[in-house]
Each structure stands twice: as structure tokens, then as C-alpha cells.
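Below is target-v9.txt, which holds compact mmCIF, C-alpha atoms.
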```
# COMPACT_ATOMS: atom_id res chain seq x y z
CA MET A 94 -10.92 1.64 -28.50
CA THR A 95 -10.34 -1.87 -27.15
CA VAL A 96 -6.82 -2.83 -26.21
CA SER A 97 -6.20 -6.30 -27.65
CA PRO A 98 -5.31 -9.09 -25.20
CA ASP A 99 -1.98 -9.45 -26.98
CA LEU A 100 -1.04 -5.79 -26.60
CA ASP A 101 -2.25 -5.81 -23.01
CA ARG A 102 -0.18 -8.88 -22.21
CA ARG A 103 2.93 -7.41 -23.87
CA PHE A 104 2.73 -4.30 -21.71
CA ARG A 105 2.22 -6.32 -18.54
CA ASP A 106 5.15 -8.62 -19.34
CA ALA A 107 7.43 -5.69 -20.21
CA ALA A 108 6.52 -3.93 -16.96
CA ALA A 109 7.44 -7.05 -14.99
CA ASP A 110 10.63 -7.70 -16.97
CA LEU A 111 11.82 -4.13 -16.44
CA GLY A 112 11.22 -4.39 -12.69
CA LEU A 113 8.81 -1.45 -12.69
CA ILE A 114 6.09 -3.10 -10.60
CA ASP A 115 5.85 -2.74 -6.81
CA VAL A 116 3.60 -5.75 -6.64
CA GLY A 117 2.29 -8.00 -9.41
CA PHE A 118 -0.75 -10.21 -9.04
CA ASP A 119 -2.80 -12.77 -10.91
CA VAL A 120 -5.71 -15.07 -10.32
CA VAL A 121 -4.60 -18.68 -9.87
CA ASP A 122 -7.16 -21.46 -10.10
CA SER A 123 -7.02 -24.21 -7.50
CA PRO A 124 -9.17 -27.06 -6.16
CA ILE A 125 -10.37 -24.71 -3.41
CA GLY A 126 -11.39 -22.00 -5.86
CA ASP A 127 -9.71 -19.05 -7.52
CA LEU A 128 -6.93 -17.45 -5.51
CA LEU A 129 -5.58 -13.95 -5.93
CA VAL A 130 -1.80 -14.31 -5.64
CA ALA A 131 0.51 -11.29 -5.35
CA ALA A 132 4.29 -11.01 -5.32
CA SER A 133 6.81 -8.20 -5.01
CA ASP A 134 10.54 -8.24 -5.69
CA ARG A 135 10.94 -9.36 -2.06
CA GLY A 136 8.77 -12.40 -2.52
CA LEU A 137 5.23 -13.69 -2.16
CA ALA A 138 3.20 -10.85 -0.62
CA ALA A 139 -0.38 -12.11 -0.45
CA ILE A 140 -2.78 -14.92 -1.21
CA SER A 141 -6.44 -14.01 -1.07
CA PHE A 142 -9.48 -16.26 -1.23
CA ASP A 143 -11.40 -13.31 -2.59
CA SER A 144 -10.23 -13.52 -6.18
CA GLU A 145 -11.94 -10.29 -7.24
CA PRO A 146 -8.90 -8.05 -7.76
CA GLN A 147 -10.73 -4.77 -7.20
CA ASP A 148 -11.15 -5.54 -3.51
CA SER A 149 -7.50 -6.35 -2.95
CA LEU A 150 -5.69 -3.66 -4.96
CA GLU A 151 -5.78 -0.93 -2.31
CA ARG A 152 -4.57 -3.35 0.33
CA LEU A 153 -1.66 -4.42 -1.88
CA ALA A 154 -0.81 -0.79 -2.62
CA ARG A 155 -0.70 -0.03 1.09
CA ILE A 156 1.72 -2.90 1.63
CA ALA A 157 4.10 -2.46 -1.28
CA GLY A 158 3.43 0.82 -3.15
CA PRO A 159 1.00 2.13 -5.79
CA ARG A 160 2.49 0.32 -8.77
CA VAL A 161 0.15 -2.64 -8.45
CA LEU A 162 -0.33 -4.41 -11.77
CA ARG A 163 -1.91 -7.66 -12.85
CA SER A 164 1.04 -9.59 -14.23
CA PRO A 165 0.93 -13.37 -14.70
CA ARG A 166 4.71 -13.45 -14.97
CA SER A 167 5.18 -11.96 -11.48
CA VAL A 168 3.54 -14.93 -9.80
CA ASP A 169 4.85 -17.76 -11.99
CA GLY A 170 6.99 -19.17 -9.18
CA ALA A 171 4.18 -19.10 -6.65
CA ARG A 172 1.72 -20.57 -9.15
CA ARG A 173 4.05 -23.50 -9.82
CA GLU A 174 4.56 -24.31 -6.14
CA LEU A 175 0.87 -23.94 -5.34
CA ASP A 176 -0.02 -26.28 -8.22
CA GLN A 177 2.44 -28.84 -6.89
CA TYR A 178 1.04 -28.47 -3.38
CA PHE A 179 -2.52 -29.03 -4.53
CA GLU A 180 -1.43 -32.06 -6.57
CA GLY A 181 0.10 -33.49 -3.39
CA ARG A 182 3.61 -33.29 -4.83
CA ARG A 183 4.89 -30.56 -2.50
CA ARG A 184 4.93 -30.44 1.31
CA THR A 185 6.99 -27.32 1.95
CA PHE A 186 7.23 -24.08 0.00
CA ASP A 187 10.56 -22.66 -1.13
CA LEU A 188 9.18 -19.20 -1.89
CA SER A 189 10.66 -16.13 -0.24
CA LEU A 190 7.99 -14.08 1.53
CA ASP A 191 7.36 -10.33 1.64
CA LEU A 192 6.37 -9.76 5.26
CA ARG A 193 7.20 -6.07 5.38
CA ALA A 194 5.43 -3.71 7.78
CA LEU A 195 4.30 -6.47 10.13
CA PRO A 196 4.83 -5.89 13.86
CA PRO A 197 7.38 -8.03 15.77
CA PHE A 198 4.77 -10.10 17.60
CA THR A 199 3.06 -11.00 14.33
CA LEU A 200 6.39 -11.92 12.75
CA SER A 201 7.35 -14.20 15.62
CA VAL A 202 3.96 -15.93 15.51
CA LEU A 203 4.22 -16.39 11.73
CA ASP A 204 7.75 -17.70 12.14
CA GLN A 205 6.48 -20.38 14.53
CA LEU A 206 3.48 -21.05 12.30
CA ALA A 207 5.79 -21.75 9.36
CA ARG A 208 7.36 -24.56 11.41
CA VAL A 209 4.12 -26.48 11.89
CA PRO A 210 4.74 -29.53 9.68
CA TYR A 211 2.63 -30.59 6.73
CA GLY A 212 -0.19 -32.89 7.75
CA GLU A 213 -0.07 -31.94 11.44
CA THR A 214 -2.16 -29.54 13.48
CA THR A 215 -1.44 -27.37 16.47
CA THR A 216 -3.53 -25.05 18.66
CA TYR A 217 -3.64 -21.31 19.22
CA GLY A 218 -2.48 -21.88 22.81
CA ALA A 219 0.46 -24.03 21.73
CA LEU A 220 1.60 -21.38 19.26
CA ALA A 221 1.26 -18.72 21.97
CA ARG A 222 3.48 -20.77 24.28
CA ARG A 223 6.04 -21.20 21.52
CA VAL A 224 6.41 -17.44 21.05
CA GLY A 225 6.80 -17.00 24.81
CA HIS A 226 3.36 -15.49 25.49
CA PRO A 227 1.39 -18.43 26.87
CA ARG A 228 -1.66 -16.30 27.65
CA ALA A 229 -1.84 -14.74 24.19
CA ALA A 230 -3.88 -17.47 22.43
CA ARG A 231 -6.48 -14.90 21.40
CA ALA A 232 -3.82 -12.57 19.97
CA VAL A 233 -2.41 -15.54 18.04
CA GLY A 234 -5.92 -16.11 16.68
CA THR A 235 -5.97 -12.52 15.45
CA VAL A 236 -2.64 -13.02 13.69
CA MET A 237 -4.05 -16.14 11.98
CA ASN A 238 -7.15 -14.21 11.01
CA ARG A 239 -5.05 -11.47 9.35
CA ASN A 240 -2.49 -13.80 7.80
CA ARG A 241 -1.71 -12.26 4.39
CA ILE A 242 -0.24 -15.45 2.98
CA PRO A 243 -2.53 -18.35 3.93
CA ILE A 244 -1.75 -21.86 2.64
CA VAL A 245 1.98 -21.06 2.39
CA LEU A 246 1.94 -19.79 5.99
CA PRO A 247 -0.26 -22.67 7.11
CA CYS A 248 -2.82 -21.13 9.45
CA HIS A 249 -5.18 -23.93 8.35
CA ARG A 250 -3.06 -26.21 10.58
CA VAL A 251 -4.07 -24.26 13.69
CA VAL A 252 -7.22 -25.49 15.42
CA GLY A 253 -9.02 -24.92 18.72
CA ALA A 254 -7.94 -26.62 21.93
CA THR A 255 -10.76 -29.18 21.52
CA GLY A 256 -9.69 -29.97 17.96
CA SER A 257 -12.56 -27.97 16.46
CA LEU A 258 -11.66 -26.06 13.30
CA THR A 259 -12.77 -22.69 14.80
CA GLY A 260 -12.37 -20.30 11.84
CA TYR A 261 -10.70 -19.62 8.51
CA ALA A 262 -10.57 -16.68 6.12
CA GLY A 263 -11.41 -18.95 3.19
CA GLY A 264 -14.27 -20.63 5.07
CA LEU A 265 -14.25 -23.71 7.29
CA ASP A 266 -14.90 -26.01 4.34
CA VAL A 267 -11.67 -24.80 2.73
CA LYS A 268 -9.76 -25.35 5.97
CA GLU A 269 -11.17 -28.87 6.12
CA LYS A 270 -10.22 -29.54 2.48
CA LEU A 271 -6.64 -28.39 3.04
CA LEU A 272 -6.27 -30.61 6.09
CA GLU A 273 -7.74 -33.53 4.15
CA LEU A 274 -5.34 -32.91 1.29
CA GLU A 275 -2.48 -33.07 3.78
CA GLY A 276 -3.90 -36.24 5.36
CA ALA A 277 -4.42 -34.53 8.72
CA ARG A 278 -8.11 -35.45 8.98
CA MET B 29 -7.93 20.29 1.22
CA GLN B 30 -7.01 16.63 1.13
CA ALA B 31 -5.01 15.45 -1.87
CA VAL B 32 -6.69 12.92 -4.13
CA ALA B 33 -5.26 9.49 -3.37
CA ILE B 34 -3.15 7.81 -6.04
CA PRO B 35 -5.10 4.77 -7.24
CA PRO B 36 -3.34 1.42 -7.66
CA PHE B 37 -1.72 1.44 -11.11
CA GLU B 38 -3.97 -1.38 -12.34
CA ARG B 39 -7.02 0.80 -11.88
CA PHE B 40 -5.34 3.81 -13.52
CA TYR B 41 -4.28 1.63 -16.46
CA GLU B 42 -7.71 0.06 -16.93
CA GLU B 43 -9.38 3.44 -16.82
CA HIS B 44 -7.18 5.20 -19.37
CA ARG B 45 -5.78 2.55 -21.71
CA SER B 46 -8.58 2.91 -24.29
CA ASP B 47 -8.20 6.70 -24.48
CA VAL B 48 -4.44 6.41 -24.79
CA LEU B 49 -4.69 3.87 -27.60
CA ARG B 50 -7.28 6.00 -29.40
CA LEU B 51 -5.05 9.07 -29.26
CA LEU B 52 -2.00 7.15 -30.45
CA ARG B 53 -3.86 5.46 -33.30
CA ARG B 54 -5.11 8.79 -34.51
CA ARG B 55 -1.64 10.26 -34.50
CA LEU B 56 0.46 7.28 -35.55
CA GLY B 57 -1.79 4.72 -37.23
CA ALA B 58 -2.66 1.29 -35.88
CA ASP B 59 0.76 -0.34 -36.30
CA ARG B 60 2.99 2.25 -34.69
CA ALA B 61 0.40 2.92 -32.01
CA GLU B 62 1.08 -0.45 -30.40
CA ASP B 63 4.73 0.22 -29.52
CA ALA B 64 3.84 3.75 -28.50
CA PHE B 65 1.09 2.41 -26.24
CA GLN B 66 3.56 0.22 -24.41
CA GLU B 67 6.10 3.05 -24.18
CA THR B 68 3.46 5.44 -22.82
CA PHE B 69 2.42 3.19 -19.97
CA LEU B 70 6.00 2.17 -19.19
CA ARG B 71 6.89 5.87 -18.86
CA ALA B 72 3.84 6.38 -16.68
CA LEU B 73 4.80 3.37 -14.58
CA ARG B 74 8.34 4.71 -14.10
CA ALA B 75 6.98 7.97 -12.72
CA TYR B 76 3.98 6.57 -10.89
CA GLY B 77 5.75 5.88 -7.60
CA ARG B 78 6.86 9.52 -7.42
CA LEU B 79 3.48 11.16 -7.93
CA ASP B 80 2.40 13.48 -5.14
CA HIS B 81 -1.33 13.03 -5.65
CA GLY B 82 -3.88 11.39 -7.93
CA GLU B 83 -5.28 14.51 -9.60
CA HIS B 84 -5.36 15.10 -13.35
CA LEU B 85 -4.10 11.60 -14.11
CA ARG B 86 -5.97 11.48 -17.41
CA ALA B 87 -4.38 14.73 -18.58
CA TRP B 88 -1.04 13.45 -17.34
CA VAL B 89 -1.12 10.14 -19.22
CA LEU B 90 -2.50 11.73 -22.41
CA THR B 91 0.36 14.21 -22.32
CA ILE B 92 2.82 11.36 -21.99
CA ALA B 93 1.11 9.70 -24.96
CA ARG B 94 1.34 12.89 -27.06
CA ASN B 95 5.03 13.13 -26.33
CA VAL B 96 5.63 9.49 -27.14
CA ALA B 97 3.79 10.11 -30.43
CA LEU B 98 5.99 13.16 -31.11
CA ASP B 99 9.12 11.14 -30.37
CA THR B 100 7.92 8.40 -32.70
CA LEU B 101 7.24 10.86 -35.51
CA ARG B 102 10.55 12.60 -34.94
CA ARG B 103 12.42 9.33 -35.18
CA ALA B 104 10.59 8.49 -38.38
CA ARG B 105 11.37 11.88 -39.96
CA PRO B 106 14.63 12.95 -38.39
CA THR B 107 15.49 15.65 -40.91
CA SER B 108 12.15 17.17 -41.79
CA GLU B 109 10.53 19.94 -39.83
CA LEU B 110 8.18 18.50 -37.27
CA VAL B 111 4.58 19.44 -37.86
CA ASP B 112 2.78 19.99 -34.61
CA ALA B 113 -0.03 17.50 -34.16
CA PRO B 114 -3.50 19.02 -34.28
CA ALA B 115 -5.05 19.75 -30.90
CA ASP B 116 -7.90 17.35 -31.50
CA ASP B 117 -8.38 16.14 -27.96
CA ALA B 118 -10.90 18.09 -26.00
CA GLU B 119 -8.97 19.47 -23.04
CA PRO B 120 -10.51 22.42 -21.21
CA ALA B 121 -7.28 23.52 -19.55
CA TYR B 122 -5.46 23.14 -22.82
CA ALA B 123 -8.10 25.25 -24.55
CA GLU B 124 -7.68 28.13 -22.15
CA LEU B 125 -3.97 28.20 -22.74
CA ALA B 126 -4.13 27.28 -26.41
CA GLU B 127 -3.97 30.80 -27.74
CA LEU B 128 -1.15 31.83 -25.44
CA THR B 129 0.95 28.76 -26.12
CA ASP B 130 0.27 28.68 -29.84
CA GLY B 131 3.67 29.88 -30.96
CA LEU B 132 5.67 27.53 -28.74
CA GLY B 133 7.43 24.32 -29.72
CA PRO B 134 5.71 21.10 -28.67
CA LYS B 135 7.84 20.42 -25.58
CA GLU B 136 7.67 23.97 -24.28
CA ARG B 137 3.98 24.08 -24.91
CA ALA B 138 3.37 20.81 -23.11
CA ALA B 139 5.52 21.98 -20.20
CA VAL B 140 3.68 25.29 -19.85
CA VAL B 141 0.27 23.68 -20.12
CA LEU B 142 1.09 20.99 -17.58
CA ARG B 143 2.61 23.47 -15.18
CA TYR B 144 0.00 26.20 -15.36
CA GLY B 145 -3.02 24.41 -16.82
CA TYR B 146 -2.82 21.31 -14.64
CA ASP B 147 -0.62 22.49 -11.80
CA LEU B 148 1.71 19.51 -12.08
CA SER B 149 5.12 19.39 -10.42
CA TYR B 150 8.32 19.48 -12.48
CA ASP B 151 8.86 15.83 -11.57
CA GLN B 152 5.54 14.91 -13.12
CA ILE B 153 6.16 17.09 -16.15
CA ALA B 154 9.56 15.48 -16.57
CA SER B 155 7.94 12.05 -16.64
CA ALA B 156 5.44 13.22 -19.20
CA LEU B 157 8.12 14.70 -21.44
CA GLY B 158 10.57 11.89 -20.90
CA SER B 159 13.16 14.37 -19.65
CA SER B 160 14.78 15.40 -16.38
CA PRO B 161 13.03 17.72 -13.88
CA ASP B 162 15.66 20.36 -14.68
CA ALA B 163 14.92 20.16 -18.37
CA ALA B 164 11.19 20.36 -17.59
CA ARG B 165 11.77 23.47 -15.51
CA GLN B 166 13.83 24.97 -18.28
CA ALA B 167 11.26 24.18 -20.98
CA THR B 168 8.59 25.79 -18.83
CA SER B 169 10.52 28.96 -18.15
CA THR B 170 11.64 29.27 -21.77
CA GLY B 171 8.01 28.89 -22.82
CA VAL B 172 6.82 31.50 -20.35
CA ARG B 173 9.57 33.90 -21.42
CA ARG B 174 8.53 33.53 -25.04
CA ILE B 175 4.89 34.12 -24.25
CA ARG B 176 5.77 37.17 -22.20
CA ARG B 177 7.94 38.56 -24.98
CA ARG B 178 5.15 38.09 -27.49
CA ILE B 179 2.51 39.67 -25.27
CA THR B 180 4.61 42.71 -24.45
CA SER B 181 5.99 43.26 -27.94
```

Have the structure of the file written as C-alpha cells, please.
Amino acid sequence: MTVSPDLDRRFRDAAADLGLIDVGFDVVDSPIGDLLVAASDRGLAAISFDSEPQDSLERLARIAGPRVLRSPRSVDGARRELDQYFEGRRRTFDLSLDLRALPPFTLSVLDQLARVPYGETTTYGALARRVGHPRAARAVGTVMNRNRIPIVLPCHRVVGATGSLTGYAGGLDVKEKLLELEGAR
Amino acid sequence: MQAVAIPPFERFYEEHRSDVLRLLRRRLGADRAEDAFQETFLRALRAYGRLDHGEHLRAWVLTIARNVALDTLRRARPTSELVDAPADDAEPAYAELAELTDGLGPKERAAVVLRYGYDLSYDQIASALGSSPDAARQATSTGVRRIRRRITS
């Protein structure tokens, strides 16, 4: 018995409208490929370059609770701001972020990361100095690597001391594209 | 023994939505089944965060669906005597208890089957019946009392 797209959509919308979802997600298309975007009632919870939901559901459940449901409505705000960003019409995001369960060091690094301006780059070492742990460049790299909300928390703006791109969860070509979009390269 | 992990709701929904719709269509017809489908999964979603483990989720959601169907039929025929829906869904645990629970009303029967056939908590039963845990406990014990009375009489 196939559930019609209309019936399916009505249930998903009702679930979101009634506030019964711990975290809602949807696949958002972008110039750098499909993105899996997830949001809770606290705010944007995750952006994943791996748009195959099955791989991300358990991770989302661990963060926010088991009521993980695909729900286009839950990520409307994020979708709009991401669209504007990719069209070059937005330089900063106004979305609230769900950063629950992250350790204090990670939060302070992400807080500094969020202040790196559009179109500029910084280094792992510089970020480490800004959070008061000048020798922790490698630990900062780990935080970038595990960043749950790339693009909005702009880890693509963090490069190696020599200016090399080093690494990126979405692939170095994506990092390069984002920096080009922002006019940083 | 480790409890079965509760899957993310999306996976649970994708796995069981066809069976739920099939059951509801059979009991309510295509039109009324749509609202009942939504109501079933909204009830499941309300209770999902309070589940203790991920066992017997199919039985759980089908029981919710049966109760939503009963509620729908009851609303449609408020004065007439409710005819119990035929037990047309193959459920092994149900089958074992079918004879014992035969004389019970639908809610008591569902409560007894869920408690003793599927080992669900009163919280879970409450979600399935759309009632409070206290009412679920009461329906279960009333059901058991009736069965006992019948067996011993």
C-alpha cells in the first residue's frame, strides 16, 4: 500500500506544526551539491555534505532525540538563507544555532570561527591564539573537522599557515568554491 | 540482554507506513483512512520520545492504528453498538491471547494483549490507546479480572 506524496507531506507538515519533532531535516540543493540540512526548535543543528539521509539520522538522533523526521517546513528558514548566500546576496547568517552537547573548548573555537568575516581567511594557529590556547592549532583543526554546521559556521575560511587549503569535510574543491564565491581567492 | 535501540522516527515511519495505511483502509475505507493515518503517526510521534526500547514497534503502531480506527468508527456511529473489528491481521502474540481475550471490550482487550502479549509498559499502552497511563493500567487490570472470572466460573 503506497502512501501518496500528498498524504505523506500532510503528515510531515502536521508533525512540524504541532512541534512534535526533535529535529527536522530536508535535502537542500545548492551549487556545491545537495546538502542535508537539519533544524531543531533551538535552531539549525546540522548541515551535511552527505545528502543521503540514512547515514545522518542516527547522528541527528544522538544530538537531539529520536523524533527525527524529514520535514521541508522545519528547514525553510535555513533554506532561504543558504539560497541567498549561494546567490551572493547574503554575507552573514541570522539563524539561531543548536550547539547542544558540545564541550566548552569546541564552543569557544566555534564562537571565534563565527567571527571570521565573509571573504577573509584565517589559520588554525590564529584561531587557537584567539581562544587562548596558542599551541592548540591541531585541536582547532579537529574542531573544524567535526563542525556540525559548515558553511554557516565558516570552517572553509580556515586554511593552513602557508595558505594551503589543507582539508574540508565536503572536499577541497568545495572549500575552494566557497572561498571563490566569497571573493577570497 | 541489551535493549533494542529506538530507531530514528523517520526510519520507523518509512518501515511501517504502508502496513498502517493498509490496515486503516481495510477498516475505514480509502477516504477516512487518510485522516486516521495522520492521527496514528501523530499519536506515535507524541509517545515516541518516551519509549524505553525499540522492540515490538510494528505491533505497537498497528495497535495505535486499530484504536484510531475504533475511535473513527465510534465517532461516526455514536449511538449504535460498536462491532468489534475482525482480527484479520496476522499477529502471533495476539493469536495466543485471542481466545482468552475474546469476551473483552476493544480497549481492555488491546490493553491486555499489549501488556502480556508484547510486554509493553503502561506508558506505551497509554499512547496506543490514546489514554493516560492510569487508564491503561485500569483497562488492563479490568480485563485480567474479567478473564479470571470467566476461567474460574

*Excluding Ser160 (chain B) and residues on its chain fewer than 5 positions from it, collect all residues at most 9 Å away from it, counting only C-alpha atoms, and give them as a PyMOL selection string.*
chain B and resi 150-151+153-155+165

_Let me make sure I understand: among B:Leu73, B:Ala58, B:Ala64, B:Leu79, which one has the smallest atom-to-atom distance to Ala33 (chain B) if we use only C-alpha atoms?_
B:Leu79

Neighbouring residues of Gly234 (chain A) were defined as those with any atom within 9 Å, considering only C-alpha atoms; residues of the same chain fewer than 5 positions away were excluded. Please report them as a PDB file with C-alpha atoms, keeping the file's coordinate frame.
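Generated output (around_38.pdb):
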```
ATOM      1  CA  TYR A 217      -3.640 -21.310  19.220  1.00  0.00           C
ATOM      2  CA  ALA A 229      -1.840 -14.740  24.190  1.00  0.00           C
ATOM      3  CA  ARG A 239      -5.050 -11.470   9.350  1.00  0.00           C
ATOM      4  CA  VAL A 251      -4.070 -24.260  13.690  1.00  0.00           C
TER       5      VAL A 251
END
```

*For chain A, list the residues within 12 Å of chain B, counting all atoms listed in the file, and write the list as a ChimeraX atom specification.*
/A:94-119,146-164

Can I get the selected residues back with C-alpha atoms, as an mmCIF file, in the coordinates of the input?
```
data_model
loop_
_atom_site.group_PDB
_atom_site.id
_atom_site.type_symbol
_atom_site.label_atom_id
_atom_site.label_comp_id
_atom_site.auth_asym_id
_atom_site.auth_seq_id
_atom_site.Cartn_x
_atom_site.Cartn_y
_atom_site.Cartn_z
ATOM 1 C CA MET A 94 -10.920 1.640 -28.500
ATOM 2 C CA THR A 95 -10.340 -1.870 -27.150
ATOM 3 C CA VAL A 96 -6.820 -2.830 -26.210
ATOM 4 C CA SER A 97 -6.200 -6.300 -27.650
ATOM 5 C CA PRO A 98 -5.310 -9.090 -25.200
ATOM 6 C CA ASP A 99 -1.980 -9.450 -26.980
ATOM 7 C CA LEU A 100 -1.040 -5.790 -26.600
ATOM 8 C CA ASP A 101 -2.250 -5.810 -23.010
ATOM 9 C CA ARG A 102 -0.180 -8.880 -22.210
ATOM 10 C CA ARG A 103 2.930 -7.410 -23.870
ATOM 11 C CA PHE A 104 2.730 -4.300 -21.710
ATOM 12 C CA ARG A 105 2.220 -6.320 -18.540
ATOM 13 C CA ASP A 106 5.150 -8.620 -19.340
ATOM 14 C CA ALA A 107 7.430 -5.690 -20.210
ATOM 15 C CA ALA A 108 6.520 -3.930 -16.960
ATOM 16 C CA ALA A 109 7.440 -7.050 -14.990
ATOM 17 C CA ASP A 110 10.630 -7.700 -16.970
ATOM 18 C CA LEU A 111 11.820 -4.130 -16.440
ATOM 19 C CA GLY A 112 11.220 -4.390 -12.690
ATOM 20 C CA LEU A 113 8.810 -1.450 -12.690
ATOM 21 C CA ILE A 114 6.090 -3.100 -10.600
ATOM 22 C CA ASP A 115 5.850 -2.740 -6.810
ATOM 23 C CA VAL A 116 3.600 -5.750 -6.640
ATOM 24 C CA GLY A 117 2.290 -8.000 -9.410
ATOM 25 C CA PHE A 118 -0.750 -10.210 -9.040
ATOM 26 C CA ASP A 119 -2.800 -12.770 -10.910
ATOM 27 C CA PRO A 146 -8.900 -8.050 -7.760
ATOM 28 C CA GLN A 147 -10.730 -4.770 -7.200
ATOM 29 C CA ASP A 148 -11.150 -5.540 -3.510
ATOM 30 C CA SER A 149 -7.500 -6.350 -2.950
ATOM 31 C CA LEU A 150 -5.690 -3.660 -4.960
ATOM 32 C CA GLU A 151 -5.780 -0.930 -2.310
ATOM 33 C CA ARG A 152 -4.570 -3.350 0.330
ATOM 34 C CA LEU A 153 -1.660 -4.420 -1.880
ATOM 35 C CA ALA A 154 -0.810 -0.790 -2.620
ATOM 36 C CA ARG A 155 -0.700 -0.030 1.090
ATOM 37 C CA ILE A 156 1.720 -2.900 1.630
ATOM 38 C CA ALA A 157 4.100 -2.460 -1.280
ATOM 39 C CA GLY A 158 3.430 0.820 -3.150
ATOM 40 C CA PRO A 159 1.000 2.130 -5.790
ATOM 41 C CA ARG A 160 2.490 0.320 -8.770
ATOM 42 C CA VAL A 161 0.150 -2.640 -8.450
ATOM 43 C CA LEU A 162 -0.330 -4.410 -11.770
ATOM 44 C CA ARG A 163 -1.910 -7.660 -12.850
ATOM 45 C CA SER A 164 1.040 -9.590 -14.230
#
```

*Please identify all polymer residues within 9 Å of Gly171 (chain B), counting only C-alpha atoms, omitting same-chain residues fewer than 5 positions from it, and present them as a VMD selection string.*
chain B and resid 129 132 to 133 135 to 137 139 to 140 166 176

_For CA of Gly218 (chain A) and CA of Ala138 (chain A), the interatomic separation in Å (one decimal)_ =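 Computing the Euclidean distance for CA of Gly218 (chain A) and CA of Ala138 (chain A) yields 26.5 Å.
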
*Taking (-2.3, 29.3, -22.9) in the file's coordinates as the center, which residues reach within 12 Å of it, counting only C-alpha atoms, put as a ChimeraX atom specification?*
/B:119-132,136-146,171-172,174-176,179

*Figure out the distance between CA of Leu157 (chain B) and CA of Arg173 (chain B), please, to one decimal in Å.*
19.3 Å

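CA of Pro196 (chain A) lies 28.6 Å from CA of Val121 (chain A).
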
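Among the candidates A:Leu129, A:Leu175, A:Val267, A:Cys248, the residue lying nearest to Thr215 (chain A) is A:Cys248 (atoms considered: all atoms listed in the file).
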
Please return region 189-204 of chain A, rebuilt to N, CA and C atoms, as a compact mmCIF listing (two decimals), in the frame of the given file.
```txt
# COMPACT_ATOMS: atom_id res chain seq x y z
N SER A 189 10.36 -17.17 -1.23
CA SER A 189 10.66 -16.13 -0.24
C SER A 189 9.37 -15.32 -0.02
N LEU A 190 9.23 -14.75 1.16
CA LEU A 190 7.99 -14.08 1.53
C LEU A 190 8.24 -12.59 1.78
N ASP A 191 7.31 -11.78 1.36
CA ASP A 191 7.36 -10.33 1.64
C ASP A 191 6.47 -10.07 2.86
N LEU A 192 7.12 -9.96 4.01
CA LEU A 192 6.37 -9.76 5.26
C LEU A 192 6.60 -8.36 5.81
N ARG A 193 6.87 -7.42 4.91
CA ARG A 193 7.20 -6.07 5.38
C ARG A 193 6.03 -5.45 6.15
N ALA A 194 6.39 -4.53 7.03
CA ALA A 194 5.43 -3.71 7.78
C ALA A 194 4.61 -4.51 8.79
N LEU A 195 5.02 -5.73 9.09
CA LEU A 195 4.30 -6.47 10.13
C LEU A 195 5.00 -6.27 11.47
N PRO A 196 4.22 -6.12 12.55
CA PRO A 196 4.83 -5.89 13.86
C PRO A 196 5.57 -7.13 14.37
N PRO A 197 6.52 -6.94 15.30
CA PRO A 197 7.38 -8.03 15.77
C PRO A 197 6.60 -9.24 16.31
N PHE A 198 5.53 -8.98 17.06
CA PHE A 198 4.77 -10.10 17.60
C PHE A 198 4.20 -10.95 16.47
N THR A 199 3.62 -10.29 15.49
CA THR A 199 3.06 -11.00 14.33
C THR A 199 4.13 -11.83 13.63
N LEU A 200 5.31 -11.21 13.43
CA LEU A 200 6.39 -11.92 12.75
C LEU A 200 6.83 -13.16 13.53
N SER A 201 6.90 -13.03 14.86
CA SER A 201 7.35 -14.20 15.62
C SER A 201 6.29 -15.30 15.60
N VAL A 202 5.02 -14.92 15.61
CA VAL A 202 3.96 -15.93 15.51
C VAL A 202 4.01 -16.62 14.14
N LEU A 203 4.18 -15.81 13.08
CA LEU A 203 4.22 -16.39 11.73
C LEU A 203 5.45 -17.29 11.55
N ASP A 204 6.53 -16.89 12.20
CA ASP A 204 7.75 -17.70 12.14
C ASP A 204 7.49 -19.08 12.76
```
